[in-house]
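Enquirer: File name entry.cif; file contents mmCIF, C-alpha atoms; full text below.
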data_coords
#
loop_
_atom_site.group_PDB
_atom_site.id
_atom_site.type_symbol
_atom_site.label_atom_id
_atom_site.label_comp_id
_atom_site.auth_asym_id
_atom_site.auth_seq_id
_atom_site.Cartn_x
_atom_site.Cartn_y
_atom_site.Cartn_z
ATOM 1 C CA MET X 1 -9.833 80.676 -7.753
ATOM 2 C CA ARG X 2 -8.957 77.503 -9.505
ATOM 3 C CA LEU X 3 -8.157 74.014 -8.456
ATOM 4 C CA THR X 4 -5.936 72.456 -11.075
ATOM 5 C CA THR X 5 -5.827 68.907 -12.367
ATOM 6 C CA LYS X 6 -3.051 68.060 -9.912
ATOM 7 C CA GLY X 7 -5.283 68.577 -6.877
ATOM 8 C CA ARG X 8 -8.326 66.944 -8.467
ATOM 9 C CA PHE X 9 -6.369 63.881 -9.553
ATOM 10 C CA ALA X 10 -4.676 63.550 -6.158
ATOM 11 C CA VAL X 11 -8.016 63.588 -4.329
ATOM 12 C CA THR X 12 -9.543 61.156 -6.834
ATOM 13 C CA ALA X 13 -6.594 58.758 -6.540
ATOM 14 C CA MET X 14 -6.645 58.911 -2.745
ATOM 15 C CA LEU X 15 -10.373 58.176 -2.731
ATOM 16 C CA ASP X 16 -9.798 55.211 -5.056
ATOM 17 C CA LEU X 17 -7.116 53.968 -2.650
ATOM 18 C CA ALA X 18 -9.369 54.537 0.371
ATOM 19 C CA LEU X 19 -12.212 52.560 -1.212
ATOM 20 C CA ARG X 20 -9.852 49.580 -1.471
ATOM 21 C CA GLN X 21 -8.453 49.910 2.042
ATOM 22 C CA GLY X 22 -8.126 46.507 3.667
ATOM 23 C CA GLU X 23 -7.698 44.640 0.357
ATOM 24 C CA GLY X 24 -3.909 44.835 0.446
ATOM 25 C CA PRO X 25 -1.632 47.266 -1.384
ATOM 26 C CA VAL X 26 -3.241 49.016 -4.347
ATOM 27 C CA THR X 27 -1.226 49.435 -7.519
ATOM 28 C CA LEU X 28 -0.925 52.732 -9.314
ATOM 29 C CA ALA X 29 -1.604 50.839 -12.542
ATOM 30 C CA GLY X 30 -4.984 49.824 -11.112
ATOM 31 C CA ILE X 31 -5.818 53.381 -10.086
ATOM 32 C CA SER X 32 -4.646 54.608 -13.482
ATOM 33 C CA GLU X 33 -6.917 52.185 -15.282
ATOM 34 C CA ARG X 34 -9.967 52.807 -13.113
ATOM 35 C CA GLN X 35 -9.666 56.597 -12.961
ATOM 36 C CA LYS X 36 -8.148 57.243 -16.407
ATOM 37 C CA ILE X 37 -5.161 59.093 -14.934
ATOM 38 C CA SER X 38 -1.725 58.748 -16.504
ATOM 39 C CA LEU X 39 0.478 56.283 -14.635
ATOM 40 C CA SER X 40 3.489 58.616 -14.792
ATOM 41 C CA TYR X 41 1.369 61.456 -13.379
ATOM 42 C CA LEU X 42 0.197 59.203 -10.539
ATOM 43 C CA GLU X 43 3.801 58.262 -9.789
ATOM 44 C CA GLN X 44 4.646 61.947 -9.352
ATOM 45 C CA LEU X 45 1.610 62.577 -7.152
ATOM 46 C CA PHE X 46 2.176 59.520 -4.979
ATOM 47 C CA GLY X 47 5.804 60.475 -4.465
ATOM 48 C CA LYS X 48 4.571 63.703 -2.880
ATOM 49 C CA LEU X 49 1.793 61.961 -0.948
ATOM 50 C CA ARG X 50 4.364 59.504 0.447
ATOM 51 C CA ARG X 51 6.733 62.307 1.469
ATOM 52 C CA HIS X 52 3.844 63.910 3.372
ATOM 53 C CA ALA X 53 3.115 60.610 5.157
ATOM 54 C CA LEU X 54 -0.357 60.198 3.667
ATOM 55 C CA VAL X 55 0.460 56.915 1.921
ATOM 56 C CA GLU X 56 3.000 54.149 2.354
ATOM 57 C CA SER X 57 4.356 51.844 -0.299
ATOM 58 C CA VAL X 58 5.196 48.184 -0.510
ATOM 59 C CA ARG X 59 7.794 47.124 -3.083
ATOM 60 C CA GLY X 60 7.976 43.969 -5.110
ATOM 61 C CA PRO X 61 5.406 41.509 -6.420
ATOM 62 C CA GLY X 62 2.050 42.205 -4.843
ATOM 63 C CA GLY X 63 3.267 45.650 -3.877
ATOM 64 C CA GLY X 64 1.522 48.959 -4.165
ATOM 65 C CA TYR X 65 0.239 51.693 -1.899
ATOM 66 C CA TYR X 66 -1.969 51.915 1.145
ATOM 67 C CA LEU X 67 -3.102 54.766 3.374
ATOM 68 C CA ALA X 68 -0.642 55.705 6.108
ATOM 69 C CA LYS X 69 -3.410 57.076 8.340
ATOM 70 C CA SER X 70 -7.024 56.243 9.061
ATOM 71 C CA LEU X 71 -9.803 57.571 6.836
ATOM 72 C CA ASP X 72 -10.808 59.992 9.608
ATOM 73 C CA GLU X 73 -7.296 61.449 9.821
ATOM 74 C CA ILE X 74 -6.878 62.460 6.174
ATOM 75 C CA ALA X 75 -8.632 65.619 5.026
ATOM 76 C CA VAL X 76 -8.999 66.795 1.442
ATOM 77 C CA ALA X 77 -6.939 69.852 2.415
ATOM 78 C CA ASP X 78 -4.070 67.560 3.488
ATOM 79 C CA ILE X 79 -4.061 65.891 0.076
ATOM 80 C CA ILE X 80 -4.139 69.172 -1.820
ATOM 81 C CA LYS X 81 -1.349 70.666 0.320
ATOM 82 C CA ALA X 82 0.765 67.540 -0.141
ATOM 83 C CA VAL X 83 0.797 67.909 -3.927
ATOM 84 C CA ASP X 84 1.654 71.618 -3.664
ATOM 85 C CA GLU X 85 -1.689 72.738 -4.994
ATOM 86 C CA PRO X 86 -2.263 76.430 -4.247
ATOM 87 C CA LEU X 87 -5.804 77.399 -3.333
ATOM 88 C CA ASP X 88 -5.759 81.131 -3.742
ATOM 89 C CA ALA X 89 -8.558 83.432 -4.876
ATOM 90 C CA THR X 90 -6.317 86.515 -4.842
ATOM 91 C CA GLN X 91 -4.566 87.773 -7.948
ATOM 92 C CA CYS X 92 -1.414 88.515 -5.973
ATOM 93 C CA GLY X 93 -0.844 85.123 -4.382
ATOM 94 C CA GLY X 94 -1.705 86.643 -1.013
ATOM 95 C CA LEU X 95 1.252 89.048 -1.140
ATOM 96 C CA GLY X 96 -0.866 92.184 -1.083
ATOM 97 C CA ASN X 97 0.762 93.741 -4.150
ATOM 98 C CA CYS X 98 -2.261 93.303 -6.399
ATOM 99 C CA HIS X 99 -2.818 96.963 -7.278
ATOM 100 C CA ASP X 100 0.317 98.953 -8.072
ATOM 101 C CA GLU X 101 2.266 97.187 -5.309
ATOM 102 C CA HIS X 102 -0.556 97.798 -2.792
ATOM 103 C CA GLU X 103 -3.520 95.719 -1.734
ATOM 104 C CA CYS X 104 -6.513 96.042 -4.004
ATOM 105 C CA MET X 105 -9.829 97.143 -2.499
ATOM 106 C CA THR X 106 -11.122 93.562 -2.364
ATOM 107 C CA HIS X 107 -7.939 91.906 -1.100
ATOM 108 C CA ASP X 108 -9.404 91.074 2.330
ATOM 109 C CA LEU X 109 -12.490 89.571 0.696
ATOM 110 C CA TRP X 110 -10.369 87.110 -1.291
ATOM 111 C CA ILE X 111 -8.129 86.318 1.683
ATOM 112 C CA THR X 112 -11.235 85.508 3.735
ATOM 113 C CA LEU X 113 -12.569 83.337 0.902
ATOM 114 C CA ASN X 114 -9.251 81.443 0.838
ATOM 115 C CA ALA X 115 -9.567 80.786 4.574
ATOM 116 C CA LYS X 116 -13.170 79.564 4.228
ATOM 117 C CA ILE X 117 -12.296 77.259 1.342
ATOM 118 C CA PHE X 118 -9.381 75.808 3.276
ATOM 119 C CA GLU X 119 -11.561 75.440 6.387
ATOM 120 C CA TYR X 120 -14.161 73.522 4.370
ATOM 121 C CA LEU X 121 -11.609 71.254 2.679
ATOM 122 C CA ALA X 122 -9.980 70.589 6.057
ATOM 123 C CA SER X 123 -13.371 69.473 7.399
ATOM 124 C CA VAL X 124 -13.958 66.943 4.603
ATOM 125 C CA LYS X 125 -12.282 63.662 5.535
ATOM 126 C CA LEU X 126 -11.661 60.652 3.310
ATOM 127 C CA SER X 127 -14.139 58.773 5.518
ATOM 128 C CA HIS X 128 -16.883 61.181 4.351
ATOM 129 C CA LEU X 129 -16.007 60.676 0.686
ATOM 130 C CA VAL X 130 -15.854 56.892 1.083
ATOM 131 C CA ALA X 131 -19.226 56.870 2.815
ATOM 132 C CA LYS X 132 -20.745 58.951 0.045
ATOM 133 C CA GLN X 133 -19.357 56.585 -2.606
ATOM 134 C CA ARG X 134 -20.799 53.638 -0.720
ATOM 135 C CA GLY X 135 -24.190 55.315 -0.422
ATOM 136 C CA VAL X 136 -23.996 56.180 3.251
ATOM 137 C CA GLY X 137 -24.940 59.692 4.313
ATOM 138 C CA VAL X 138 -22.452 61.673 6.368
ATOM 139 C CA ALA X 139 -25.016 61.956 9.185
ATOM 140 C CA GLN X 140 -25.211 58.165 9.347
ATOM 141 C CA LEU X 141 -21.432 57.932 9.220
ATOM 142 C CA LEU X 142 -21.053 60.341 12.132
ATOM 143 C CA ASP X 143 -23.451 58.203 14.182
ATOM 144 C CA MET X 144 -21.196 55.167 13.730
ATOM 145 C CA LYS X 145 -18.591 54.132 16.211
ATOM 146 C CA PRO X 146 -15.107 55.506 15.390
ATOM 147 C CA ALA X 147 -13.750 51.971 14.883
ATOM 148 C CA GLN X 148 -16.366 51.324 12.194
ATOM 149 C CA ARG X 149 -15.435 54.531 10.383
ATOM 150 C CA ARG X 150 -11.705 53.779 10.579
ATOM 151 C CA ARG X 151 -12.200 50.347 9.060
ATOM 152 C CA GLY X 152 -14.072 51.934 6.167
ATOM 153 C CA THR X 153 -16.888 49.435 6.657
ATOM 154 C CA ALA X 154 -19.616 52.016 6.627
ATOM 155 C CA LYS X 155 -21.895 50.315 4.097
ATOM 156 C CA ALA X 156 -21.833 46.950 5.796
ATOM 157 C CA ASP X 157 -22.402 48.481 9.219
ATOM 158 C CA VAL X 158 -25.213 50.881 8.341
ATOM 159 C CA ALA X 159 -27.879 48.304 9.131
ATOM 160 C CA SER X 160 -26.547 47.923 12.644
ATOM 161 C CA VAL X 161 -26.538 51.703 13.119
ATOM 162 C CA LEU X 162 -30.095 52.151 11.878
#
Let me see whether you can do it: turn the structure in this file into structure tokens.
Expert:
Amino acid sequence: MRLTTKGRFAVTAMLDLALRQGEGPVTLAGISERQKISLSYLEQLFGKLRRHALVESVRGPGGGYYLAKSLDEIAVADIIKAVDEPLDATQCGGLGNCHDEHECMTHDLWITLNAKIFEYLASVKLSHLVAKQRGVGVAQLLDMKPAQRRRGTAKADVASVL
């Protein structure tokens, strides 16, 4: 199984955007500079992310992108699916024609692995990644009120939770 640069960059860019949530629209040029990702590549990725309603854009001076959903509503799996990133441990692309047009002996093993990987990535929300970047453990984050998590103010609110 491999996760290509497309999926990695999309998740990284979305995390960068999430960390700046509430500061106004974030420019792709800013993300490009901070994360060392080509601006033209980001433009392609964000076109797909916008079409999948994960981000919204603002045109003109002071424009940029912002998240279209709350941090708790966007999973890593959503981001990867939006940029057409296949997560597949099989050699046949899940078609079952891996061994002379039949399923290989380990086909079910790899299909199950695919499901587990997807299940895990679907459970990891942007709010978890933001909290980790801000030094807040996921357990602490889960103890916070949903409104605190949505605002992405985990670090500032940790003292009140503890």
Enquirer: Since I can't run it myself right now, could you work out what the PyMOL selection byres ((chain X and resi 17-32) around 8) selects here and report it as a list in words?
Expert: Ala13, Met14, Leu15, Asp16, Glu33, Arg34, Gln35, Lys36, Ile37, Ser38, Leu39, Leu42, Glu43, Ser57, Val58, Gly62, Gly63, Gly64, Tyr65, Tyr66, Leu67, Leu71, Leu126, Val130, Arg151 and Gly152 of chain X
Enquirer: Nearest residue to Phe118 in chain X out of X:Leu3, X:Met105, X:Ala131, X:Glu56, using all atoms listed in the file?
Expert: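 When distances to Phe118 in chain X are compared using all atoms listed in the file, the smallest one comes from X:Leu3.
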Enquirer: Looking at X:Lys116, X:Lys48, X:His102, X:Arg134, which one is nearest to Val83 in chain X, with distances taken over all atoms listed in the file?
Expert: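 Looking only at the distances to Val83 in chain X, the closest residue turns out to be X:Lys48.
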Enquirer: Got a sec: who's within 8 Å of Leu54 in chain X, counting all atoms listed in the file, leaving out chain neighbours fewer than 6 positions off, as an MDAnalysis selection string?
Expert: chainID X and resid 67:69 74 79
Enquirer: Figure out the distance between CA of Ala75 in chain X and CA of Phe46 in chain X, please, to one decimal in Å.
Expert: 15.9 Å
Enquirer: Nearest residue to Val76 in chain X out of X:Cys104, X:Leu121, X:Ala53, X:Leu129, using all atoms listed in the file?
Expert: X:Leu121
Enquirer: Pick out the closest residue to Lys125 in chain X from this set: X:Ala82, X:Ala89, X:Ala77, X:Ala10. Count all atoms listed in the file.
Expert: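 Going through X:Ala82, X:Ala89, X:Ala77, X:Ala10 one by one, the smallest distance to Lys125 in chain X is for X:Ala77.
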Enquirer: Have a look at CA of Ser123 in chain X and CA of Asp108 in chain X and let me know their distance in Å, one decimal.
Expert: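 Separation of CA of Ser123 in chain X and CA of Asp108 in chain X: 22.5 Å.
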Enquirer: Go through X:Tyr120, X:Val55, X:Leu109, X:Leu87 and flag the residue nearest Arg8 in chain X, using all atoms listed in the file for the distances.
Expert: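 Answer, going by the shortest atom-to-atom distance: X:Leu87.
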